[in-house]
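K.L.:
As input, take run-v9.pdb (PDB, C-alpha atoms and all ligand atoms):
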```
ATOM      1  CA  MET A   1      21.258  -2.751  10.623
ATOM      2  CA  SER A   2      17.637  -2.674   9.465
ATOM      3  CA  LEU A   3      16.311   0.242   7.477
ATOM      4  CA  LEU A   4      13.267   0.516   9.747
ATOM      5  CA  SER A   5      12.674  -1.090  13.157
ATOM      6  CA  ILE A   6       9.190  -1.139  14.642
ATOM      7  CA  ARG A   7       9.323  -2.268  18.220
ATOM      8  CA  ASN A   8       6.280  -3.151  20.305
ATOM      9  CA  LEU A   9       4.383  -0.215  18.829
ATOM     10  CA  GLY A  10       1.136   0.875  20.478
ATOM     11  CA  LEU A  11      -1.322   3.753  20.324
ATOM     12  CA  ARG A  12      -4.273   4.361  22.663
ATOM     13  CA  ARG A  13      -7.361   6.421  21.828
ATOM     14  CA  ASP A  14     -10.244   7.060  24.267
ATOM     15  CA  GLY A  15      -8.958   4.389  26.644
ATOM     16  CA  LEU A  16      -8.777   1.678  23.925
ATOM     17  CA  TRP A  17      -5.694   0.394  22.153
ATOM     18  CA  THR A  18      -6.144   1.127  18.452
ATOM     19  CA  LEU A  19      -2.791  -0.537  17.799
ATOM     20  CA  ARG A  20      -0.778  -2.717  20.129
ATOM     21  CA  GLY A  21       2.223  -5.045  20.201
ATOM     22  CA  VAL A  22       3.378  -4.529  16.610
ATOM     23  CA  SER A  23       7.044  -5.346  15.941
ATOM     24  CA  PHE A  24       8.865  -5.981  12.689
ATOM     25  CA  GLU A  25      11.997  -4.968  10.781
ATOM     26  CA  VAL A  26      12.142  -3.665   7.213
ATOM     27  CA  GLU A  27      15.335  -4.399   5.283
ATOM     28  CA  PRO A  28      16.489  -2.418   2.217
ATOM     29  CA  GLY A  29      14.642  -3.511  -0.924
ATOM     30  CA  GLN A  30      12.123  -5.561   1.051
ATOM     31  CA  ALA A  31       8.354  -5.198   0.638
ATOM     32  CA  TRP A  32       5.962  -5.657   3.566
ATOM     33  CA  GLY A  33       2.240  -6.095   3.016
ATOM     34  CA  ILE A  34      -0.034  -4.873   5.799
ATOM     35  CA  VAL A  35      -3.434  -6.515   5.569
ATOM     36  CA  GLY A  36      -6.681  -6.405   7.543
ATOM     37  CA  GLU A  37     -10.253  -5.162   7.424
ATOM     38  CA  SER A  38     -11.199  -1.504   7.895
ATOM     39  CA  GLY A  39     -10.394  -0.452  11.459
ATOM     40  CA  ALA A  40      -7.642  -3.075  11.820
ATOM     41  CA  GLY A  41      -5.035  -0.385  12.515
ATOM     42  CA  LYS A  42      -3.308  -0.344   9.108
ATOM     43  CA  SER A  43      -3.470   3.411   8.555
ATOM     44  CA  THR A  44      -2.627   4.067  12.225
ATOM     45  CA  LEU A  45       0.531   2.023  11.779
ATOM     46  CA  MET A  46       1.407   3.960   8.634
ATOM     47  CA  ASN A  47       0.900   7.302  10.389
ATOM     48  CA  LEU A  48       3.074   6.171  13.322
ATOM     49  CA  VAL A  49       5.864   5.184  10.932
ATOM     50  CA  LEU A  50       5.572   8.506   9.117
ATOM     51  CA  GLY A  51       5.732  10.366  12.434
ATOM     52  CA  LEU A  52       2.275  11.906  11.910
ATOM     53  CA  LEU A  53       1.232  10.218  15.185
ATOM     54  CA  GLU A  54       3.376   9.504  18.242
ATOM     55  CA  PRO A  55       3.162   6.076  19.929
ATOM     56  CA  ASP A  56       1.999   5.598  23.527
ATOM     57  CA  GLU A  57       4.132   2.480  23.696
ATOM     58  CA  GLY A  58       7.193   1.197  21.840
ATOM     59  CA  GLU A  59       9.234   3.014  19.221
ATOM     60  CA  VAL A  60      10.148   3.400  15.555
ATOM     61  CA  ARG A  61      13.845   3.555  14.600
ATOM     62  CA  LEU A  62      15.140   4.605  11.205
ATOM     63  CA  GLU A  63      18.559   3.327  10.105
ATOM     64  CA  GLY A  64      19.256   2.361  13.716
ATOM     65  CA  GLU A  65      18.511   5.796  15.156
ATOM     66  CA  ALA A  66      15.471   7.072  17.049
ATOM     67  CA  TRP A  67      12.648   8.345  14.817
ATOM     68  CA  SER A  68       9.442   8.338  16.874
ATOM     69  CA  GLY A  69       9.287  10.725  19.806
ATOM     70  CA  LEU A  70      11.618  13.281  18.219
ATOM     71  CA  PRO A  71      10.572  16.890  17.533
ATOM     72  CA  GLU A  72       9.894  17.462  13.829
ATOM     73  CA  LYS A  73      12.919  19.766  13.623
ATOM     74  CA  SER A  74      15.223  16.851  14.476
ATOM     75  CA  ARG A  75      13.471  14.545  12.020
ATOM     76  CA  ARG A  76      13.444  16.949   9.067
ATOM     77  CA  PRO A  77      16.926  16.136   7.667
ATOM     78  CA  ARG A  78      15.957  12.428   7.482
ATOM     79  CA  ARG A  79      12.411  13.017   6.113
ATOM     80  CA  PRO A  80      13.507  12.349   2.496
ATOM     81  CA  LEU A  81      14.382   8.774   3.525
ATOM     82  CA  LEU A  82      10.722   7.824   3.775
ATOM     83  CA  GLN A  83       7.894   9.069   1.591
ATOM     84  CA  ALA A  84       4.218   8.184   1.302
ATOM     85  CA  VAL A  85       1.512   7.676  -1.293
ATOM     86  CA  PHE A  86      -2.088   7.914  -0.124
ATOM     87  CA  GLN A  87      -5.318   6.221  -1.125
ATOM     88  CA  ASP A  88      -7.085   8.989  -3.047
ATOM     89  CA  PRO A  89      -4.529  10.312  -5.548
ATOM     90  CA  ILE A  90      -6.480  13.360  -6.709
ATOM     91  CA  ALA A  91      -7.350  14.491  -3.166
ATOM     92  CA  SER A  92      -3.739  13.983  -2.041
ATOM     93  CA  LEU A  93      -2.279  16.285  -4.729
ATOM     94  CA  PRO A  94      -2.378  20.087  -4.459
ATOM     95  CA  PRO A  95      -5.254  21.083  -6.797
ATOM     96  CA  HIS A  96      -3.815  24.399  -8.041
ATOM     97  CA  MET A  97      -0.305  23.201  -8.894
ATOM     98  CA  THR A  98       0.725  21.861 -12.280
ATOM     99  CA  GLY A  99       2.377  18.473 -12.611
ATOM    100  CA  TRP A 100       5.756  20.195 -13.046
ATOM    101  CA  GLU A 101       5.314  22.187  -9.833
ATOM    102  CA  ILE A 102       4.153  19.120  -7.891
ATOM    103  CA  LEU A 103       7.193  17.091  -8.937
ATOM    104  CA  GLU A 104       9.660  19.920  -8.344
ATOM    105  CA  GLU A 105       8.241  20.989  -4.972
ATOM    106  CA  PRO A 106      10.054  18.337  -2.830
ATOM    107  CA  LEU A 107      13.363  19.385  -4.441
ATOM    108  CA  VAL A 108      12.625  23.054  -3.740
ATOM    109  CA  ILE A 109      11.704  22.334  -0.086
ATOM    110  CA  HIS A 110      14.863  20.294   0.470
ATOM    111  CA  ARG A 111      16.995  22.727  -1.589
ATOM    112  CA  ARG A 112      18.185  20.222  -4.147
ATOM    113  CA  GLY A 113      19.519  21.556  -7.465
ATOM    114  CA  GLY A 114      18.816  24.727  -9.446
ATOM    115  CA  ALA A 115      15.717  25.394 -11.553
ATOM    116  CA  LYS A 116      17.125  23.674 -14.678
ATOM    117  CA  ALA A 117      18.281  20.572 -12.784
ATOM    118  CA  ARG A 118      14.905  20.312 -11.010
ATOM    119  CA  ARG A 119      13.014  20.514 -14.308
ATOM    120  CA  GLU A 120      15.208  17.808 -15.824
ATOM    121  CA  ALA A 121      14.755  15.576 -12.761
ATOM    122  CA  ALA A 122      10.959  16.036 -12.978
ATOM    123  CA  ALA A 123      10.954  15.085 -16.672
ATOM    124  CA  ARG A 124      13.086  11.994 -15.980
ATOM    125  CA  MET A 125      10.782  10.869 -13.163
ATOM    126  CA  ALA A 126       7.630  11.412 -15.282
ATOM    127  CA  GLU A 127       9.185   9.226 -17.929
ATOM    128  CA  ARG A 128      10.113   6.591 -15.378
ATOM    129  CA  VAL A 129       6.524   6.256 -14.102
ATOM    130  CA  LYS A 130       5.177   6.535 -17.686
ATOM    131  CA  PHE A 131       3.369   9.821 -17.020
ATOM    132  CA  PRO A 132       2.953  11.730 -20.335
ATOM    133  CA  VAL A 133       5.171  14.820 -20.193
ATOM    134  CA  PRO A 134       2.617  17.120 -21.979
ATOM    135  CA  SER A 135       0.147  16.429 -19.105
ATOM    136  CA  LEU A 136       2.651  17.939 -16.627
ATOM    137  CA  ASP A 137       1.393  21.360 -17.756
ATOM    138  CA  GLN A 138      -2.047  20.488 -16.354
ATOM    139  CA  VAL A 139      -3.429  20.504 -12.796
ATOM    140  CA  PRO A 140      -4.583  17.241 -11.095
ATOM    141  CA  GLY A 141      -8.294  17.829 -11.792
ATOM    142  CA  ARG A 142      -7.590  17.208 -15.503
ATOM    143  CA  TRP A 143      -6.088  13.752 -14.960
ATOM    144  CA  SER A 144      -7.671  10.322 -14.606
ATOM    145  CA  GLY A 145      -7.296   8.480 -11.273
ATOM    146  CA  GLY A 146      -4.609   6.297 -12.838
ATOM    147  CA  LEU A 147      -2.553   9.247 -14.071
ATOM    148  CA  ALA A 148      -2.933  11.063 -10.738
ATOM    149  CA  GLN A 149      -1.734   7.964  -8.864
ATOM    150  CA  ARG A 150       1.317   7.728 -11.145
ATOM    151  CA  LEU A 151       2.132  11.335 -10.420
ATOM    152  CA  ALA A 152       1.648  10.796  -6.659
ATOM    153  CA  VAL A 153       4.133   7.901  -6.840
ATOM    154  CA  ALA A 154       6.512  10.035  -8.924
ATOM    155  CA  ARG A 155       6.355  12.879  -6.394
ATOM    156  CA  ALA A 156       7.061  10.461  -3.532
ATOM    157  CA  LEU A 157      10.133   9.207  -5.402
ATOM    158  CA  MET A 158      11.612  12.618  -6.297
ATOM    159  CA  LEU A 159      13.796  12.627  -3.175
ATOM    160  CA  ASP A 160      15.018   9.088  -3.852
ATOM    161  CA  PRO A 161      13.584   7.631  -0.613
ATOM    162  CA  LYS A 162      14.833   4.364   0.836
ATOM    163  CA  LEU A 163      11.318   3.472   2.002
ATOM    164  CA  LEU A 164       8.016   4.138   0.255
ATOM    165  CA  LEU A 165       4.777   3.728   2.241
ATOM    166  CA  LEU A 166       1.641   3.163   0.196
ATOM    167  CA  ASP A 167      -1.841   3.291   1.739
ATOM    168  CA  GLU A 168      -4.328   1.373  -0.443
ATOM    169  CA  PRO A 169      -2.686   2.726  -3.627
ATOM    170  CA  LEU A 170      -4.688   0.443  -5.932
ATOM    171  CA  SER A 171      -8.166   1.021  -4.536
ATOM    172  CA  ALA A 172      -9.050   3.983  -6.796
ATOM    173  CA  LEU A 173      -7.758   2.273  -9.939
ATOM    174  CA  ASP A 174      -9.373  -0.083 -12.425
ATOM    175  CA  PRO A 175      -7.722  -3.525 -12.741
ATOM    176  CA  THR A 176      -5.572  -2.570 -15.752
ATOM    177  CA  LEU A 177      -4.173   0.568 -14.124
ATOM    178  CA  ALA A 178      -3.724  -1.262 -10.821
ATOM    179  CA  GLY A 179      -1.693  -3.887 -12.709
ATOM    180  CA  HIS A 180       0.502  -1.170 -14.261
ATOM    181  CA  LEU A 181       1.159   0.405 -10.865
ATOM    182  CA  LEU A 182       2.012  -2.966  -9.382
ATOM    183  CA  GLU A 183       4.569  -3.581 -12.136
ATOM    184  CA  LEU A 184       6.051  -0.154 -11.461
ATOM    185  CA  LEU A 185       6.372  -0.892  -7.743
ATOM    186  CA  LEU A 186       8.077  -4.207  -8.533
ATOM    187  CA  GLU A 187      10.623  -2.269 -10.605
ATOM    188  CA  PHE A 188      11.351   0.168  -7.775
ATOM    189  CA  LYS A 189      11.666  -2.713  -5.348
ATOM    190  CA  ALA A 190      14.135  -4.432  -7.678
ATOM    191  CA  ASP A 191      16.126  -1.176  -7.673
ATOM    192  CA  GLY A 192      16.406  -1.360  -3.862
ATOM    193  CA  THR A 193      13.492   0.765  -2.591
ATOM    194  CA  ALA A 194      11.809  -0.829   0.438
ATOM    195  CA  LEU A 195       7.994  -0.772   0.468
ATOM    196  CA  ILE A 196       5.292  -0.860   3.104
ATOM    197  CA  PHE A 197       2.152  -1.679   1.150
ATOM    198  CA  VAL A 198      -1.145  -1.302   3.017
ATOM    199  CA  SER A 199      -3.886  -3.097   1.115
ATOM    200  CA  HIS A 200      -7.101  -5.101   1.188
ATOM    201  CA  ASP A 201      -5.899  -6.839  -1.943
ATOM    202  CA  LEU A 202      -4.271 -10.131  -0.938
ATOM    203  CA  LEU A 203      -3.516 -11.053  -4.543
ATOM    204  CA  ALA A 204      -1.544  -7.833  -5.038
ATOM    205  CA  VAL A 205       0.208  -8.392  -1.710
ATOM    206  CA  ARG A 206       1.168 -11.909  -2.766
ATOM    207  CA  ARG A 207       2.653 -10.574  -6.016
ATOM    208  CA  LEU A 208       4.572  -7.675  -4.485
ATOM    209  CA  CYS A 209       5.436  -8.416  -0.872
ATOM    210  CA  ASP A 210       8.091 -10.652   0.672
ATOM    211  CA  LYS A 211       6.632 -10.276   4.153
ATOM    212  CA  LEU A 212       3.120 -10.057   5.501
ATOM    213  CA  LEU A 213       1.595  -8.612   8.647
ATOM    214  CA  VAL A 214      -2.087  -9.343   9.266
ATOM    215  CA  LEU A 215      -3.753  -7.007  11.734
ATOM    216  CA  TYR A 216      -7.081  -7.418  13.453
ATOM    217  CA  GLY A 217      -8.520  -4.969  15.965
ATOM    218  CA  GLY A 218      -5.122  -3.252  16.125
ATOM    219  CA  GLU A 219      -3.238  -6.447  17.049
ATOM    220  CA  PRO A 220      -0.944  -8.618  14.926
ATOM    221  CA  MET A 221      -2.529 -11.978  14.060
ATOM    222  CA  CYS A 222       0.032 -13.259  11.535
ATOM    223  CA  LEU A 223       3.571 -12.141  10.811
ATOM    224  CA  GLY A 224       6.158 -13.673   8.507
ATOM    225  CA  GLY A 225       6.982 -14.630   4.930
ATOM    226  CA  THR A 226       4.067 -13.960   2.555
ATOM    227  CA  GLU A 227       4.411 -17.083   0.457
ATOM    228  CA  PRO A 228       4.746 -19.595   3.322
ATOM    229  CA  MET A 229       1.713 -18.041   5.025
ATOM    230  CA  LEU A 230      -0.515 -17.954   1.939
ATOM    231  CA  ALA A 231       0.579 -21.390   0.736
ATOM    232  CA  ASP A 232      -0.365 -22.894   4.120
ATOM    233  CA  LEU A 233      -3.308 -20.936   5.539
ATOM    234  CA  ARG A 234      -2.955 -21.922   9.169
ATOM    235  CA  HIS A 235      -4.553 -18.937  10.893
ATOM    236  CA  PRO A 236      -8.394 -19.023  10.733
ATOM    237  CA  TYR A 237      -8.613 -15.284  10.083
ATOM    238  CA  LEU A 238      -6.062 -15.282   7.252
ATOM    239  CA  ARG A 239      -7.838 -18.317   5.795
ATOM    240  CA  GLY A 240     -11.123 -16.349   5.982
ATOM    241  CA  LEU A 241      -9.571 -13.331   4.260
ATOM    242  CA  TRP A 242      -8.112 -15.526   1.526
ATOM    243  CA  GLU A 243     -11.451 -17.310   0.973
ATOM    244  CA  ALA A 244     -13.083 -13.890   0.560
ATOM    245  CA  VAL A 245     -10.760 -13.064  -2.367
ATOM    246  CA  PRO A 246     -12.926 -13.132  -5.510
ATOM    247  CA  ASP A 247     -11.854 -16.089  -7.615
ATOM    248  CA  LEU A 248     -13.710 -16.785 -10.845
ATOM    249  CA  SER A 249     -12.522 -20.382 -10.827
ATOM    250  CA  ARG A 250     -14.154 -20.980  -7.418
ATOM    251  CA  PRO A 251     -17.983 -20.957  -7.591
ATOM    252  CA  GLY A 252     -20.159 -19.919  -4.648
ATOM    253  CA  ALA A 253     -20.175 -16.952  -2.324
ATOM    254  CA  PRO A 254     -17.156 -16.365  -0.076
ATOM    255  CA  ARG A 255     -17.595 -17.385   3.544
ATOM    256  CA  ARG A 256     -18.457 -14.399   5.684
ATOM    257  CA  TRP A 257     -17.014 -13.705   9.074
ATOM    258  CA  GLY A 258     -20.024 -11.909  10.547
ATOM    259  CA  VAL A 259     -20.025  -8.663  12.467
ATOM    260  CA  ASP A 260     -16.999  -7.495  14.414
ATOM    261  CA  ARG A 261     -17.987  -7.294  18.082
ATOM    262  CA  SER A 262     -14.626  -8.477  19.384
ATOM    263  CA  ARG A 263     -13.779  -5.501  21.573
ATOM    264  CA  LYS A 264     -16.873  -5.953  23.728
ATOM    265  CA  LEU A 265     -16.988  -9.734  23.789
ATOM    266  CA  ALA A 266     -13.369 -10.771  24.227
ATOM    267  CA  PRO A 267     -11.819  -8.775  27.058
ATOM    268  CA  GLY A 268      -8.443 -10.379  27.688
ATOM    269  CA  GLY A 269      -9.008 -13.149  25.116
ATOM    270  CA  CYS A 270      -8.399 -13.527  21.401
ATOM    271  CA  LEU A 271     -10.099 -10.607  19.645
ATOM    272  CA  LEU A 272     -11.477 -13.009  17.032
ATOM    273  CA  MET A 273     -13.298 -15.235  19.527
ATOM    274  CA  ASP A 274     -16.798 -14.091  18.583
ATOM    275  CA  ARG A 275     -16.260 -14.616  14.855
ATOM    276  CA  CYS A 276     -13.889 -17.524  14.565
ATOM    277  CA  PRO A 277     -15.155 -20.973  13.479
ATOM    278  CA  LYS A 278     -12.411 -22.669  15.547
ATOM    279  CA  ALA A 279     -12.920 -20.722  18.801
ATOM    280  CA  SER A 280     -12.929 -22.721  22.026
ATOM    281  CA  GLU A 281     -12.802 -21.927  25.728
ATOM    282  CA  ALA A 282      -9.012 -21.773  25.494
ATOM    283  CA  CYS A 283      -9.366 -18.679  23.300
ATOM    284  CA  GLY A 284     -10.565 -16.736  26.354
ATOM    285  CA  VAL A 285      -6.846 -16.288  27.014
ATOM    286  CA  ALA A 286      -5.072 -14.251  24.307
ATOM    287  CA  PRO A 287      -2.624 -16.448  22.340
ATOM    288  CA  GLU A 288       1.069 -15.560  22.052
ATOM    289  CA  MET A 289       2.685 -15.003  18.646
ATOM    290  CA  GLY A 290       4.082 -18.341  17.462
ATOM    291  CA  LEU A 291       6.337 -18.961  14.475
ATOM    292  CA  ARG A 292       3.986 -17.169  12.070
ATOM    293  CA  GLU A 293       0.648 -16.678  13.818
ATOM    294  CA  ARG A 294      -1.184 -16.076  17.065
ATOM    295  CA  CYS A 295      -3.756 -18.788  17.464
ATOM    296  CA  HIS A 296      -4.583 -21.625  19.887
ATOM    297  CA  HIS A 297      -6.045 -23.814  17.123
ATOM    298  CA  PRO A 298      -4.359 -23.157  13.758
ATOM    299  CA  PHE A 299      -5.349 -25.294  10.784
ATOM    300  CA  LYS A 300      -2.793 -28.005  10.070
ATOM    301  CA  GLY A 301      -1.495 -29.085   6.672
TER     302      GLY A 301
HETATM  303  S1  LIG B 401      -7.109 -18.154  19.180
HETATM  304 FE1  LIG B 401      -9.125 -19.142  19.024
HETATM  305  S2  LIG B 401     -10.544 -17.503  18.449
HETATM  306 FE2  LIG B 401      -8.473 -16.743  18.063
HETATM  307  S3  LIG B 401      -8.126 -17.208  15.934
HETATM  308 FE3  LIG B 401      -7.315 -18.932  17.076
HETATM  309  S4  LIG B 401      -8.978 -20.428  17.224
HETATM  310 FE4  LIG B 401      -9.859 -18.467  16.561
END
```
Take the structure in the file and give it back as structure tokens.
P.N.:
Amino acid sequence: MSLLSIRNLGLRRDGLWTLRGVSFEVEPGQAWGIVGESGAGKSTLMNLVLGLLEPDEGEVRLEGEAWSGLPEKSRRPRRPLLQAVFQDPIASLPPHMTGWEILEEPLVIHRRGGAKARREAAARMAERVKFPVPSLDQVPGRWSGGLAQRLAVARALMLDPKLLLLDEPLSALDPTLAGHLLELLLEFKADGTALIFVSHDLLAVRRLCDKLLVLYGGEPMCLGGTEPMLADLRHPYLRGLWEAVPDLSRPGAPRRWGVDRSRKLAPGGCLLMDRCPKASEACGVAPEMGLRERCHHPFKG
């Protein structure tokens, strides 16, 4: 039984599908990278998994049981199983609470342990994420972005979740701090925590994630093992994203994919038709998902 099953998930807004046809399974200890440009549907997918949005199509199942579509009251006992870390660490933390209070709050809400046990658990978790214990007396406004992100991760882990969802967790951090957080996430993954890692950063995804889902315009374009996909860039869009990764050893500007006008110009066809260097008449019919990608003309070899 999978930890999380996402089946044909779809959400419509103002008559347009903002997410459609997304299916994958998350196993314990597995990390999924969700990649795509802004507006690709990454955060929508995260909010559907968290139950902050309800799908118009398909379903989410947690440990084999229904999760989406349930009233919050029925979901509450299983809420500790999945926790989230958001993009802007300082904005996502309560500004008037001290670090101690922030870490202890999930335990208070879910009635775990007495005051002494909660304090000890908070101290242990701070140590685990390398957050300096003296700074737990302060409120988030006193911390750097890196420290705040560590505390946000620590808070998400206080209930010992089986799945941690992270929405662009590295974007507010400088490269050194981003590297530290990545190492920390690798440790948690090795300890059996499953991850859904939403990111623009393909290099970080390659380091952390076993599986990769590439979204474009709310639809899956590539789905499968991260390493096989990045070692053999068959899909034109994934190849374009990879070529846009800054690489100091590769001179010249990255190839640009132009403006996204897909929704207007490709009704019924591949959403990438207007931007793709390999587009042909055949792309006027939307491709089916193949072994790892949806494309009529993937690159070969
Ligand atoms: S189906 Fe056509 S337009 Fe879409 S990615 Fe493949 S080649 Fe490009």
K.L.:
Return as JSON, numbers by chain the residues of protein, DNA or RNA that approach ligand LIG 401 (chain B) to within 12 Å, with only C-alpha atoms and all ligand atoms taken into account.
P.N.:
{"A": [214, 215, 216, 217, 219, 220, 221, 222, 234, 235, 236, 237, 238, 239, 240, 257, 262, 265, 266, 268, 269, 270, 271, 272, 273, 274, 275, 276, 277, 278, 279, 280, 281, 282, 283, 284, 285, 286, 287, 288, 289, 290, 293, 294, 295, 296, 297, 298, 299]}
K.L.:
Report as a tab-separated table the residues of segment 73-175 of chain A within 10 Å of segment 185-192 of chain A, each with its shortest atom pair and distance in Å (one decimal), using only C-alpha atoms, ordered by chain and increasing residue number.
P.N.:
```
residue	atom	partner	partner_atom	distance
A:Val129	CA	A:Leu185	CA	9.6
A:Val153	CA	A:Leu185	CA	9.1
A:Leu157	CA	A:Phe188	CA	9.4
A:Pro161	CA	A:Gly192	CA	10.0
A:Lys162	CA	A:Gly192	CA	7.6
A:Leu163	CA	A:Gly192	CA	9.1
A:Leu164	CA	A:Phe188	CA	9.6
```
K.L.:
Any chance you could work out the residue set of the PyMOL selection byres (((chain A and resi 94-96) around 10) and not hetatm) here, as a list of chain:residue names?
P.N.:
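So the PyMOL selection byres (((chain A and resi 94-96) around 10) and not hetatm), applied here, picks out A:Ile90, A:Ala91, A:Ser92, A:Leu93, A:Met97, A:Thr98, A:Gly99, A:Glu101, A:Ile102, A:Gln138, A:Val139, A:Pro140, A:Gly141, A:Arg142.
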K.L.:
Could you take the residues named above and write them with C-alpha atoms, as an mmCIF file, in the frame of the given file?
P.N.:
```
data_model
loop_
_atom_site.group_PDB
_atom_site.id
_atom_site.type_symbol
_atom_site.label_atom_id
_atom_site.label_comp_id
_atom_site.auth_asym_id
_atom_site.auth_seq_id
_atom_site.Cartn_x
_atom_site.Cartn_y
_atom_site.Cartn_z
ATOM 1 C CA ILE A 90 -6.480 13.360 -6.709
ATOM 2 C CA ALA A 91 -7.350 14.491 -3.166
ATOM 3 C CA SER A 92 -3.739 13.983 -2.041
ATOM 4 C CA LEU A 93 -2.279 16.285 -4.729
ATOM 5 C CA MET A 97 -0.305 23.201 -8.894
ATOM 6 C CA THR A 98 0.725 21.861 -12.280
ATOM 7 C CA GLY A 99 2.377 18.473 -12.611
ATOM 8 C CA GLU A 101 5.314 22.187 -9.833
ATOM 9 C CA ILE A 102 4.153 19.120 -7.891
ATOM 10 C CA GLN A 138 -2.047 20.488 -16.354
ATOM 11 C CA VAL A 139 -3.429 20.504 -12.796
ATOM 12 C CA PRO A 140 -4.583 17.241 -11.095
ATOM 13 C CA GLY A 141 -8.294 17.829 -11.792
ATOM 14 C CA ARG A 142 -7.590 17.208 -15.503
#
```
K.L.:
Extract, using all atoms listed in the file, all DNA, RNA and protein residues at most 10 Å from Arg155 of chain A, discarding same-chain residues fewer than 4 positions from it, and format them as an MDAnalysis selection string.
P.N.:
chainID A and resid 83:85 93 99:107 122 125:126 149:151 159:160
K.L.:
Since I can't run it myself right now, could you work out what the PyMOL selection byres (((chain A and resi 31-34) around 7) and not hetatm) selects here and report it as a list in words?
P.N.:
Gly29, Gln30, Val35, Lys42, Ala194, Leu195, Ile196, Phe197, Val198, Ser199, Val205, Leu208, Cys209, Asp210, Lys211, Leu212, Leu213 and Val214 of chain A
K.L.:
Provide the atom CA of Leu241 of chain A to atom CA of Ser38 of chain A distance in Å, to one decimal place.
P.N.:
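Calculated distance between atom CA of Leu241 of chain A and atom CA of Ser38 of chain A is 12.5 Å.
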K.L.:
List the spatial neighbours of segment 43-50 of chain A as a list of chain:residue names - criterion: any atom at most 9 Å away, all atoms listed in the file, same-chain residues fewer than 4 positions off excluded.
P.N.:
A:Leu4, A:Ile6, A:Leu9, A:Gly10, A:Leu11, A:Thr18, A:Leu19, A:Val22, A:Gly39, A:Glu54, A:Pro55, A:Val60, A:Arg61, A:Trp67, A:Ser68, A:Arg79, A:Leu82, A:Gln83, A:Ala84, A:Leu165, A:Leu166, A:Asp167, A:Ile196, A:Val198, A:Gly218
K.L.:
What's the separation between atom CA of Gly51 of chain A and atom CA of Arg292 of chain A, in Å to one decimal place?
P.N.:
27.6 Å
K.L.:
Suppose you want the space between atom CA of Gly21 of chain A and atom CA of Leu70 of chain A; what is it in Å?
P.N.:
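Straight-line distance from atom CA of Gly21 of chain A to atom CA of Leu70 of chain A works out to 20.7 Å.
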K.L.:
Residues picked by the PyMOL selection byres (((chain A and resi 203) around 12) and not hetatm) here, as a list in words?
P.N.:
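With the shown file as input, the PyMOL selection byres (((chain A and resi 203) around 12) and not hetatm) matches Gly33, Val35, Leu170, Pro175, Ala178, Gly179, Leu182, Ser199, His200, Asp201, Leu202, Ala204, Val205, Arg206, Arg207, Leu208, Cys209, Thr226, Glu227, Leu230, Leu241, Trp242, Glu243, Ala244, Val245, Pro246 and Asp247 of chain A.
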K.L.:
Pick out the closest residue to Thr193 of chain A from this set: A:Leu81, A:Leu147, A:Ala115, A:Leu173. Count all atoms listed in the file.
P.N.:
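Of A:Leu81, A:Leu147, A:Ala115, A:Leu173, the one nearest Thr193 of chain A is A:Leu81, counting all atoms listed in the file.
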K.L.:
Nearest residue to Lys130 of chain A out of A:His180, A:Arg118, A:Arg7, A:His110, using only C-alpha atoms?
P.N.:
A:His180
K.L.:
If I only have part of segment 269-279 of chain A, can you fill in N, CA and C atoms and write it as a JSON list (two decimals), keeping the file's coordinate frame?
P.N.:
```
[["chain", "number", "residue", "atom", "x", "y", "z"],
["A", 269, "GLY", "N", -9.16, -11.96, 25.95],
["A", 269, "GLY", "CA", -9.01, -13.15, 25.12],
["A", 269, "GLY", "C", -8.63, -12.78, 23.70],
["A", 270, "CYS", "N", -8.66, -13.79, 22.81],
["A", 270, "CYS", "CA", -8.40, -13.53, 21.40],
["A", 270, "CYS", "C", -9.50, -12.62, 20.85],
["A", 271, "LEU", "N", -9.12, -11.57, 20.16],
["A", 271, "LEU", "CA", -10.10, -10.61, 19.64],
["A", 271, "LEU", "C", -11.05, -11.24, 18.63],
["A", 272, "LEU", "N", -10.66, -12.38, 18.08],
["A", 272, "LEU", "CA", -11.48, -13.01, 17.03],
["A", 272, "LEU", "C", -12.50, -14.00, 17.58],
["A", 273, "MET", "N", -12.51, -14.17, 18.91],
["A", 273, "MET", "CA", -13.30, -15.24, 19.53],
["A", 273, "MET", "C", -14.75, -15.30, 19.06],
["A", 274, "ASP", "N", -15.38, -14.13, 18.91],
["A", 274, "ASP", "CA", -16.80, -14.09, 18.58],
["A", 274, "ASP", "C", -17.09, -14.45, 17.12],
["A", 275, "ARG", "N", -16.04, -14.44, 16.29],
["A", 275, "ARG", "CA", -16.26, -14.62, 14.86],
["A", 275, "ARG", "C", -15.63, -15.88, 14.31],
["A", 276, "CYS", "N", -14.76, -16.49, 15.10],
["A", 276, "CYS", "CA", -13.89, -17.52, 14.56],
["A", 276, "CYS", "C", -14.56, -18.90, 14.61],
["A", 277, "PRO", "N", -14.53, -19.64, 13.49],
["A", 277, "PRO", "CA", -15.16, -20.97, 13.48],
["A", 277, "PRO", "C", -14.43, -21.98, 14.36],
["A", 278, "LYS", "N", -13.18, -21.70, 14.75],
["A", 278, "LYS", "CA", -12.41, -22.67, 15.55],
["A", 278, "LYS", "C", -12.33, -22.27, 17.02],
["A", 279, "ALA", "N", -13.05, -21.23, 17.43],
["A", 279, "ALA", "CA", -12.92, -20.72, 18.80],
["A", 279, "ALA", "C", -13.32, -21.79, 19.83]]
```
